[in-house]
$ cat model15.cif   # mmCIF, C-alpha atoms
data_model
#
loop_
_atom_site.label_atom_id
_atom_site.label_comp_id
_atom_site.auth_asym_id
_atom_site.auth_seq_id
_atom_site.Cartn_x
_atom_site.Cartn_y
_atom_site.Cartn_z
CA MET A 1 111.33 90.76 111.95
CA THR A 2 111.39 92.83 108.77
CA ASN A 3 108.70 95.15 107.55
CA SER A 4 108.01 93.34 104.32
CA SER A 5 104.36 92.74 103.65
CA GLU A 6 104.71 88.95 103.60
CA ASN A 7 105.45 88.98 107.34
CA TYR A 8 101.94 90.23 108.11
CA PRO A 9 98.69 88.23 108.11
CA LYS A 10 96.72 88.16 104.87
CA THR A 11 93.45 90.09 104.62
CA LYS A 12 91.32 86.94 104.72
CA ASP A 13 93.04 85.89 107.96
CA ILE A 14 92.56 89.18 109.79
CA LEU A 15 89.01 90.10 108.74
CA LEU A 16 87.22 88.11 111.47
CA PRO A 17 89.73 89.04 114.24
CA LEU A 18 89.39 92.72 113.31
CA ILE A 19 85.58 92.49 113.46
CA ILE A 20 85.75 90.81 116.89
CA LEU A 21 88.28 93.32 118.25
CA ASN A 22 86.27 96.27 116.98
CA LEU A 23 83.16 94.85 118.64
CA LEU A 24 85.14 94.73 121.89
CA PHE A 25 86.23 98.36 121.43
CA PHE A 26 82.61 99.35 120.85
CA MET A 27 81.36 97.40 123.87
CA TRP A 28 83.91 98.69 126.37
CA GLY A 29 83.22 102.20 125.11
CA PHE A 30 79.54 101.44 125.73
CA ILE A 31 80.03 100.26 129.32
CA TRP A 32 82.48 103.11 130.02
CA ASN A 33 79.53 105.51 129.96
CA LEU A 34 77.09 103.29 131.88
CA ALA A 35 77.98 104.91 135.21
CA ASN A 36 76.88 108.27 133.83
CA VAL A 37 73.41 106.81 133.22
CA LEU A 38 73.14 105.62 136.82
CA VAL A 39 74.90 108.35 138.79
CA ALA A 40 71.84 110.56 139.35
CA LEU A 41 69.79 107.50 140.37
CA PHE A 42 72.49 106.38 142.82
CA LYS A 43 72.90 109.86 144.28
CA GLU A 44 69.17 110.13 144.92
CA THR A 45 68.61 106.56 146.16
CA PHE A 46 71.66 106.30 148.43
CA GLU A 47 71.64 110.00 149.41
CA LEU A 48 75.24 110.47 148.30
CA ASN A 49 77.23 113.67 148.65
CA ASN A 50 79.48 114.82 145.79
CA PHE A 51 82.53 113.01 147.19
CA GLU A 52 80.64 109.72 147.46
CA THR A 53 79.19 110.23 143.99
CA SER A 54 82.66 110.75 142.52
CA LEU A 55 83.68 107.34 143.91
CA ILE A 56 81.71 105.70 141.10
CA THR A 57 84.23 106.83 138.50
CA SER A 58 87.17 106.96 140.90
CA VAL A 59 86.85 103.21 141.49
CA SER A 60 87.10 102.56 137.75
CA PHE A 61 90.31 104.62 137.47
CA LEU A 62 91.63 102.92 140.61
CA ALA A 63 91.16 99.60 138.82
CA PHE A 64 93.30 100.85 135.93
CA PHE A 65 96.01 101.97 138.38
CA ILE A 66 96.08 98.78 140.45
CA ILE A 67 95.53 96.17 137.72
CA SER A 68 97.73 97.56 134.91
CA TYR A 69 101.06 96.09 136.04
CA PRO A 70 99.69 92.69 137.17
CA ALA A 71 97.78 92.55 133.86
CA LYS A 72 101.04 93.05 131.95
CA ILE A 73 102.60 90.06 133.75
CA VAL A 74 99.52 87.86 133.19
CA ILE A 75 99.33 88.82 129.50
CA GLN A 76 103.00 87.86 129.02
CA ARG A 77 102.16 84.39 130.35
CA LEU A 78 98.74 83.81 128.77
CA LYS A 79 99.52 85.47 125.40
CA THR A 80 97.14 87.63 123.42
CA GLN A 81 94.20 85.35 122.64
CA ASN A 82 93.77 83.91 126.14
CA SER A 83 94.25 87.38 127.69
CA ILE A 84 91.39 88.76 125.60
CA VAL A 85 89.21 85.89 126.81
CA LEU A 86 90.19 86.63 130.42
CA GLY A 87 89.47 90.35 130.00
CA ALA A 88 86.04 89.69 128.51
CA ALA A 89 85.23 87.17 131.28
CA LEU A 90 86.29 89.57 134.06
CA THR A 91 84.19 92.34 132.53
CA GLY A 92 81.19 90.03 132.30
CA LEU A 93 81.67 88.94 135.92
CA GLY A 94 81.77 92.55 137.08
CA LEU A 95 78.57 93.30 135.20
CA LEU A 96 76.85 90.35 136.88
CA ILE A 97 77.84 91.68 140.34
CA PHE A 98 75.41 94.53 139.61
CA VAL A 99 72.55 92.01 139.77
CA PRO A 100 72.79 91.21 143.51
CA ALA A 101 73.82 94.83 144.16
CA ALA A 102 70.57 96.03 142.56
CA ARG A 103 68.49 93.42 144.40
CA MET A 104 70.08 94.29 147.77
CA LEU A 105 70.34 98.05 147.03
CA SER A 106 73.98 97.90 148.16
CA PHE A 107 76.13 100.84 147.03
CA PRO A 108 79.41 99.20 148.23
CA LEU A 109 78.57 96.11 146.13
CA PHE A 110 77.99 98.36 143.11
CA LEU A 111 81.47 99.82 143.65
CA ILE A 112 82.97 96.31 143.82
CA GLY A 113 81.22 95.44 140.57
CA MET A 114 82.60 98.61 138.99
CA PHE A 115 86.13 97.69 140.09
CA VAL A 116 85.85 94.19 138.59
CA ILE A 117 84.35 95.55 135.34
CA PHE A 118 87.23 97.96 134.80
CA SER A 119 89.80 95.36 135.83
CA GLY A 120 88.54 93.39 132.84
CA VAL A 121 88.56 96.50 130.64
CA THR A 122 92.16 97.13 131.72
CA PHE A 123 93.15 93.70 130.40
CA LEU A 124 91.29 94.35 127.15
CA GLN A 125 92.86 97.77 126.61
CA ILE A 126 96.39 96.57 127.31
CA VAL A 127 96.14 93.59 124.99
CA CYS A 128 93.86 94.83 122.20
CA ASN A 129 95.52 98.15 121.36
CA PRO A 130 98.91 96.65 120.37
CA TYR A 131 97.20 93.65 118.75
CA ILE A 132 95.30 96.00 116.40
CA ARG A 133 98.70 97.39 115.36
CA ALA A 134 100.00 93.89 114.69
CA LEU A 135 97.13 92.92 112.37
CA GLY A 136 98.64 94.40 109.23
CA PRO A 137 101.50 96.58 108.02
CA PRO A 138 102.68 99.51 110.20
CA SER A 139 101.83 101.99 107.43
CA ARG A 140 98.13 101.46 108.15
CA ALA A 141 98.36 100.92 111.90
CA ALA A 142 97.23 104.47 112.74
CA SER A 143 94.07 104.14 110.67
CA ARG A 144 93.24 100.77 112.27
CA ILE A 145 93.67 102.15 115.79
CA ASN A 146 91.75 105.32 114.87
CA LEU A 147 88.82 103.26 113.60
CA SER A 148 88.77 101.05 116.69
CA GLN A 149 88.97 103.94 119.16
CA GLY A 150 86.37 105.82 117.13
CA LEU A 151 84.03 102.84 117.53
CA GLY A 152 84.61 103.04 121.29
CA ALA A 153 83.52 106.68 121.22
CA ILE A 154 80.43 105.72 119.20
CA GLY A 155 79.63 103.10 121.85
CA ALA A 156 79.92 105.75 124.60
CA PHE A 157 77.59 108.03 122.63
CA PHE A 158 74.89 105.36 122.28
CA THR A 159 75.03 104.37 125.97
CA ALA A 160 73.07 107.40 127.18
CA TYR A 161 70.20 106.71 124.80
CA VAL A 162 70.09 102.89 124.89
CA ALA A 163 70.75 102.37 128.62
CA GLY A 164 68.83 105.50 129.60
CA TRP A 165 65.84 104.40 127.53
CA PHE A 166 65.89 100.85 128.93
CA ILE A 167 66.64 101.50 132.61
CA LEU A 168 65.13 104.93 133.25
CA LYS A 169 62.18 104.87 130.84
CA GLN A 170 61.08 101.26 130.36
CA PHE A 171 61.56 100.60 134.10
CA ALA A 172 60.66 104.10 135.30
CA ASP A 173 58.76 102.73 138.32
CA ASP A 174 61.56 100.34 139.33
CA PRO A 175 64.86 101.31 137.66
CA PHE A 176 66.85 98.84 139.75
CA SER A 177 64.96 95.99 138.06
CA GLY A 178 65.99 97.62 134.79
CA ILE A 179 69.60 97.50 135.97
CA VAL A 180 69.28 93.77 136.68
CA TRP A 181 68.04 92.87 133.21
CA PHE A 182 70.22 95.33 131.32
CA TYR A 183 73.42 94.24 133.03
CA ILE A 184 72.61 90.56 132.51
CA ILE A 185 72.19 91.21 128.77
CA ILE A 186 75.48 93.16 128.50
CA ALA A 187 77.31 90.52 130.58
CA MET A 188 76.11 87.78 128.22
CA ILE A 189 77.46 89.79 125.26
CA PHE A 190 80.92 89.95 126.87
CA PHE A 191 80.88 86.26 127.76
CA GLY A 192 79.79 85.51 124.20
CA LEU A 193 82.61 87.60 122.73
CA GLY A 194 85.06 85.76 124.99
CA VAL A 195 83.83 82.40 123.70
CA VAL A 196 84.05 83.60 120.08
CA VAL A 197 87.65 84.74 120.63
CA LYS A 198 88.56 81.42 122.26
CA LEU A 199 87.11 79.40 119.37
CA SER A 200 88.41 81.64 116.58
CA LYS A 201 91.66 81.30 114.69
CA MET A 202 93.50 84.47 115.69
CA PRO A 203 96.76 85.42 113.91
CA ALA A 204 99.88 85.29 116.04
CA ASN A 205 100.86 88.51 117.77
CA PRO A 206 104.59 89.31 117.30
CA THR A 207 104.52 90.96 120.73
CA ASP A 208 103.96 87.53 122.30
CA SER A 209 107.16 86.18 120.75
CA ASN A 210 109.16 89.25 121.75
CA SER A 211 107.95 89.00 125.36
CA GLU A 212 108.86 85.31 125.47
CA GLN A 213 112.35 86.04 124.15
CA ASN A 214 112.87 88.82 126.69
CA ILE A 215 111.80 86.57 129.57
CA SER A 216 114.00 83.67 128.45
CA SER A 217 117.03 85.94 127.91
CA GLY A 218 116.61 87.48 131.36
CA GLU A 219 116.44 90.99 129.90
CA THR A 220 120.27 91.22 129.90
CA ASN A 221 120.39 94.29 127.70
CA ARG A 222 120.86 97.42 129.84
CA GLU A 223 118.51 99.41 127.58
CA LYS A 224 115.68 97.03 128.37
CA HIS A 225 116.11 97.82 132.05
CA LYS A 226 116.05 101.59 131.57
CA SER A 227 113.11 103.04 133.46
CA ALA A 228 110.54 105.15 131.65
CA TRP A 229 110.98 107.68 134.47
CA GLY A 230 114.38 108.47 132.99
CA PHE A 231 112.68 110.32 130.14
CA ARG A 232 111.71 113.95 130.83
CA HIS A 233 108.75 113.89 128.45
CA PHE A 234 107.36 110.80 130.18
CA ARG A 235 107.56 112.45 133.61
CA ILE A 236 105.82 115.62 132.42
CA GLY A 237 103.26 113.64 130.42
CA PHE A 238 102.49 111.44 133.43
CA ILE A 239 101.75 114.46 135.66
CA VAL A 240 99.62 116.15 133.00
CA LEU A 241 97.67 112.95 132.26
CA LEU A 242 97.14 112.31 135.97
CA LEU A 243 95.64 115.79 136.44
CA TYR A 244 93.56 115.47 133.28
CA MET A 245 92.11 112.07 134.16
CA GLY A 246 91.16 113.29 137.63
CA ALA A 247 89.37 116.30 136.18
CA GLU A 248 87.63 114.17 133.54
CA ALA A 249 86.45 111.66 136.15
CA ILE A 250 84.89 114.40 138.27
CA LEU A 251 83.31 116.02 135.21
CA TYR A 252 81.67 112.79 134.03
CA GLN A 253 80.38 111.71 137.42
CA LEU A 254 78.87 115.01 138.56
CA MET A 255 77.50 115.94 135.14
CA THR A 256 73.95 114.57 135.22
CA PRO A 257 73.21 115.56 138.86
CA TYR A 258 74.58 119.03 137.99
CA PHE A 259 72.24 119.29 135.01
CA MET A 260 69.28 118.45 137.24
CA GLU A 261 70.31 121.19 139.69
CA GLN A 262 70.49 123.81 136.94
CA THR A 263 66.94 123.33 135.65
CA THR A 264 63.87 121.20 136.24
CA ILE A 265 64.49 118.06 134.17
CA THR A 266 64.16 114.33 134.84
CA LYS A 267 67.05 111.90 135.27
CA ALA A 268 66.31 110.45 131.81
CA ALA A 269 66.39 113.92 130.21
CA ALA A 270 69.69 114.74 131.95
CA VAL A 271 71.18 111.49 130.64
CA ASP A 272 69.96 112.31 127.11
CA ILE A 273 71.69 115.71 127.25
CA SER A 274 74.89 114.08 128.48
CA GLY A 275 74.84 111.93 125.34
CA ILE A 276 75.49 115.08 123.29
CA MET A 277 78.75 115.50 125.18
CA PHE A 278 79.89 112.07 124.01
CA LEU A 279 78.84 112.97 120.46
CA GLY A 280 81.26 115.89 120.75
CA LEU A 281 83.88 113.47 122.05
CA MET A 282 83.42 111.28 118.97
CA VAL A 283 83.49 114.20 116.50
CA GLY A 284 86.52 115.71 118.25
CA ARG A 285 88.50 112.49 117.97
CA LEU A 286 87.79 112.20 114.25
CA PHE A 287 88.66 115.89 113.77
CA GLY A 288 91.77 115.60 115.93
CA ALA A 289 93.06 112.54 114.09
CA GLY A 290 93.27 114.58 110.90
CA ILE A 291 94.29 117.99 112.23
CA LEU A 292 97.07 116.60 114.46
CA LEU A 293 98.92 115.60 111.29
CA LYS A 294 99.04 119.23 110.13
CA VAL A 295 99.55 121.34 113.27
CA ASN A 296 101.81 121.25 116.29
CA PRO A 297 100.22 118.64 118.62
CA GLY A 298 101.42 120.35 121.80
CA ARG A 299 99.90 123.69 120.80
CA LEU A 300 96.60 122.11 119.76
CA VAL A 301 96.32 120.18 123.02
CA GLY A 302 97.13 123.38 124.91
CA TRP A 303 94.43 125.39 123.11
CA PHE A 304 91.88 122.60 123.58
CA ALA A 305 92.70 122.39 127.31
CA LEU A 306 92.38 126.17 127.64
CA SER A 307 89.03 126.11 125.81
CA THR A 308 87.78 123.42 128.19
CA ALA A 309 88.80 125.49 131.21
CA VAL A 310 87.01 128.57 129.81
CA LEU A 311 83.81 126.58 129.20
CA ILE A 312 83.86 125.23 132.76
CA LEU A 313 84.33 128.76 134.12
CA ILE A 314 81.38 129.96 132.01
CA SER A 315 79.27 127.16 133.47
CA MET A 316 80.32 128.07 137.03
CA LEU A 317 79.41 131.73 136.51
CA SER A 318 76.06 131.07 134.81
CA SER A 319 72.95 128.99 135.36
CA GLY A 320 70.22 127.09 133.53
CA TYR A 321 70.85 125.81 130.03
CA VAL A 322 73.87 128.09 129.53
CA ALA A 323 75.58 126.30 132.43
CA ILE A 324 74.47 122.91 131.09
CA TYR A 325 75.58 123.32 127.49
CA SER A 326 78.87 124.93 128.50
CA ILE A 327 79.69 121.58 130.11
CA VAL A 328 78.30 119.63 127.16
CA LEU A 329 80.62 121.52 124.77
CA THR A 330 83.68 120.41 126.74
CA GLY A 331 83.20 116.96 125.18
CA PHE A 332 84.60 118.22 121.87
CA PHE A 333 87.64 119.85 123.47
CA ILE A 334 88.62 117.01 125.82
CA SER A 335 88.42 114.56 122.92
CA ILE A 336 92.11 114.61 121.98
CA LEU A 337 93.57 115.34 125.43
CA PHE A 338 93.86 111.70 126.45
#
$ encode --input "model15.cif" --output "structure tokens"
Amino acid sequence: MTNSSENYPKTKDILLPLIILNLLFFMWGFIWNLANVLVALFKETFELNNFETSLITSVSFLAFFIISYPAKIVIQRLKTQNSIVLGAALTGLGLLIFVPAARMLSFPLFLIGMFVIFSGVTFLQIVCNPYIRALGPPSRAASRINLSQGLGAIGAFFTAYVAGWFILKQFADDPFSGIVWFYIIIAMIFFGLGVVVKLSKMPANPTDSNSEQNISSGETNREKHKSAWGFRHFRIGFIVLLLYMGAEAILYQLMTPYFMEQTTITKAAAVDISGIMFLGLMVGRLFGAGILLKVNPGRLVGWFALSTAVLILISMLSSGYVAIYSIVLTGFFISILF
């Protein structure tokens, strides 16, 4: 397929799909941060140690690891539109598992719900990111992806204040009832978005056609069989990303309990402070999108990683609000690392 503009959907045809996709980006950014709202509550209620607490985020990353390859195969068969519907439905189902988990006060059931939620998010990420690229000419693909991922960061920023206000403040005497109602509402939004996608006229995704051709041709071209592990940069990048994601998972999950240990604040106040970290994440992504075009990306990532390490060391060697806001500031510096 050539790069001429007539090969891409017209503006009037992509407006609604772009709105729907960006809503999905916002919503999965929103639910990404939900665990941070609940972690202090879970640690206190279920008397969890730090290892058990870290399982809350670890399960979500485990879902990405386990589901990614099967999701690729399913997406090749179902194509883009049906795969988005499946991802939204799986996410909604996982959210609903939190309802019996909250009623039964079952931590293992919460972990199962988390796994199902992020299995759905894995489908959505794999299918929506390339589809955003396909909805228009390549010259503007970066700005479309930037906008969508920025909306995800905005969703993560609002989670602390919306979910924290609803669950920890409106249901202060019985936060698990707050979980029941809040998760039902969010699940209905995902089911609703799935229905809207199913009923909408979505432009064809060229990736679907390419996948179909590759399957039918049996992938006879040797280059198509070449493993990604054959590329040095991929191997190094994989190790670095693996270490980074592990560190980020621990940072997110232990953040609010850590804040409460450093000074006398409530769970709701600790969640509110954590929201500032995600504000830094949002600002850092917008800043990084522009500055990465003008400086060496490797050096910038290196300096940002070093700054994050220094802030964590400052937090470890201090106490009170110095220790708290040293962690909060890492949000800006980890923004472009992923």
$ resolve_selection --input "model15.cif" --expression "the PyMOL selection byres ((chain A and resi 309) around 12)" --output "list in words"
Tyr244, Ala247, Glu248, Leu251, Gly302, Trp303, Phe304, Ala305, Leu306, Ser307, Thr308, Val310, Leu311, Ile312, Leu313, Ile314, Ser315, Met316, Ser326, Ile327, Leu329, Thr330, Gly331, Phe333 and Ile334 of chain A
$ residues_around --input "model15.cif" --residues "range 91-103 of chain A" --least-positions-apart "2" --cutoff "6 Å" --atoms "only C-alpha atoms" --output "compact mmCIF listing (two decimals) with C-alpha atoms, keeping the file's coordinate frame"
# COMPACT_ATOMS: atom_id res chain seq x y z
CA ALA A 88 86.04 89.69 128.51
CA ALA A 89 85.23 87.17 131.28
CA LEU A 105 70.34 98.05 147.03
CA SER A 106 73.98 97.90 148.16
CA LEU A 109 78.57 96.11 146.13
CA PHE A 110 77.99 98.36 143.11
CA GLY A 113 81.22 95.44 140.57
CA VAL A 116 85.85 94.19 138.59
CA ILE A 117 84.35 95.55 135.34
CA GLY A 120 88.54 93.39 132.84
CA PHE A 176 66.85 98.84 139.75
CA VAL A 180 69.28 93.77 136.68
CA TYR A 183 73.42 94.24 133.03
CA ALA A 187 77.31 90.52 130.58
CA PHE A 190 80.92 89.95 126.87
CA PHE A 191 80.88 86.26 127.76
$ atom_distance --input "model15.cif" --atom1 "CA of Gly152 in chain A" --atom2 "CA of Gly284 in chain A"
13.2 Å
$ residues_around --input "model15.cif" --residues "Gly280 in chain A" --least-positions-apart "5" --cutoff "12 Å" --atoms "all atoms listed in the file" --output "list in words"
Gly150, Ala153, Ile154, Ala156, Phe157, Ile273, Ser274, Gly275, Arg285, Leu286, Phe287, Gly288, Tyr325, Ile327, Val328, Leu329, Thr330, Gly331, Phe332, Phe333, Ile334, Ser335 and Ile336 of chain A
$ atom_distance --input "model15.cif" --atom1 "CA of Asp13 in chain A" --atom2 "CA of Arg77 in chain A"
24.2 Å
$ resolve_selection --input "model15.cif" --expression "the PyMOL selection byres ((chain A and resi 43) around 10)" --output "PyMOL selection string"
chain A and resi 38-42+44-50+52-54+107+254+257
$ closest_residue --input "model15.cif" --among "A:Ser200, A:Thr122, A:Asn22, A:Ser318" --to "Pro70 in chain A" --atoms "only C-alpha atoms"
A:Thr122
$ resolve_selection --input "model15.cif" --expression "the PyMOL selection byres ((chain A and resi 203) around 8)" --output "PyMOL selection string"
chain A and resi 9+13-14+17+135+201-202+204-205
$ write_last_selection --input "model15.cif" --atoms "C-alpha atoms" --output "PDB file, keeping the file's coordinate frame"
ATOM      1  CA  PRO A   9      98.690  88.230 108.110  1.00  0.00           C
ATOM      2  CA  ASP A  13      93.040  85.890 107.960  1.00  0.00           C
ATOM      3  CA  ILE A  14      92.560  89.180 109.790  1.00  0.00           C
ATOM      4  CA  PRO A  17      89.730  89.040 114.240  1.00  0.00           C
ATOM      5  CA  LEU A 135      97.130  92.920 112.370  1.00  0.00           C
ATOM      6  CA  LYS A 201      91.660  81.300 114.690  1.00  0.00           C
ATOM      7  CA  MET A 202      93.500  84.470 115.690  1.00  0.00           C
ATOM      8  CA  ALA A 204      99.880  85.290 116.040  1.00  0.00           C
ATOM      9  CA  ASN A 205     100.860  88.510 117.770  1.00  0.00           C
TER      10      ASN A 205
END
$ atom_distance --input "model15.cif" --atom1 "CA of Gln76 in chain A" --atom2 "CA of Ser119 in chain A"
16.6 Å
$ closest_residue --input "model15.cif" --among "A:Ala163, A:Ala35, A:Leu168, A:Ala270" --to "Ile185 in chain A" --atoms "all atoms listed in the file"
A:Ala163
$ closest_residue --input "model15.cif" --among "A:Gln125, A:Ser60, A:Asn296, A:Ser68" --to "Gly87 in chain A" --atoms "only C-alpha atoms"
A:Gln125
$ residues_around --input "model15.cif" --residues "Ala160 in chain A" --least-positions-apart "2" --cutoff "6 Å" --atoms "only C-alpha atoms" --output "PDB file with C-alpha atoms, keeping the file's coordinate frame"
ATOM      1  CA  PHE A 158      74.890 105.360 122.280  1.00  0.00           C
ATOM      2  CA  VAL A 162      70.090 102.890 124.890  1.00  0.00           C
ATOM      3  CA  ALA A 163      70.750 102.370 128.620  1.00  0.00           C
ATOM      4  CA  GLY A 164      68.830 105.500 129.600  1.00  0.00           C
ATOM      5  CA  VAL A 271      71.180 111.490 130.640  1.00  0.00           C
ATOM      6  CA  ASP A 272      69.960 112.310 127.110  1.00  0.00           C
ATOM      7  CA  GLY A 275      74.840 111.930 125.340  1.00  0.00           C
TER       8      GLY A 275
END
$ residues_around --input "model15.cif" --residues "Gly237 in chain A" --least-positions-apart "6" --cutoff "12 Å" --atoms "only C-alpha atoms" --output "ChimeraX atom specification"
/A:228-229,231,243-245,298,337-338
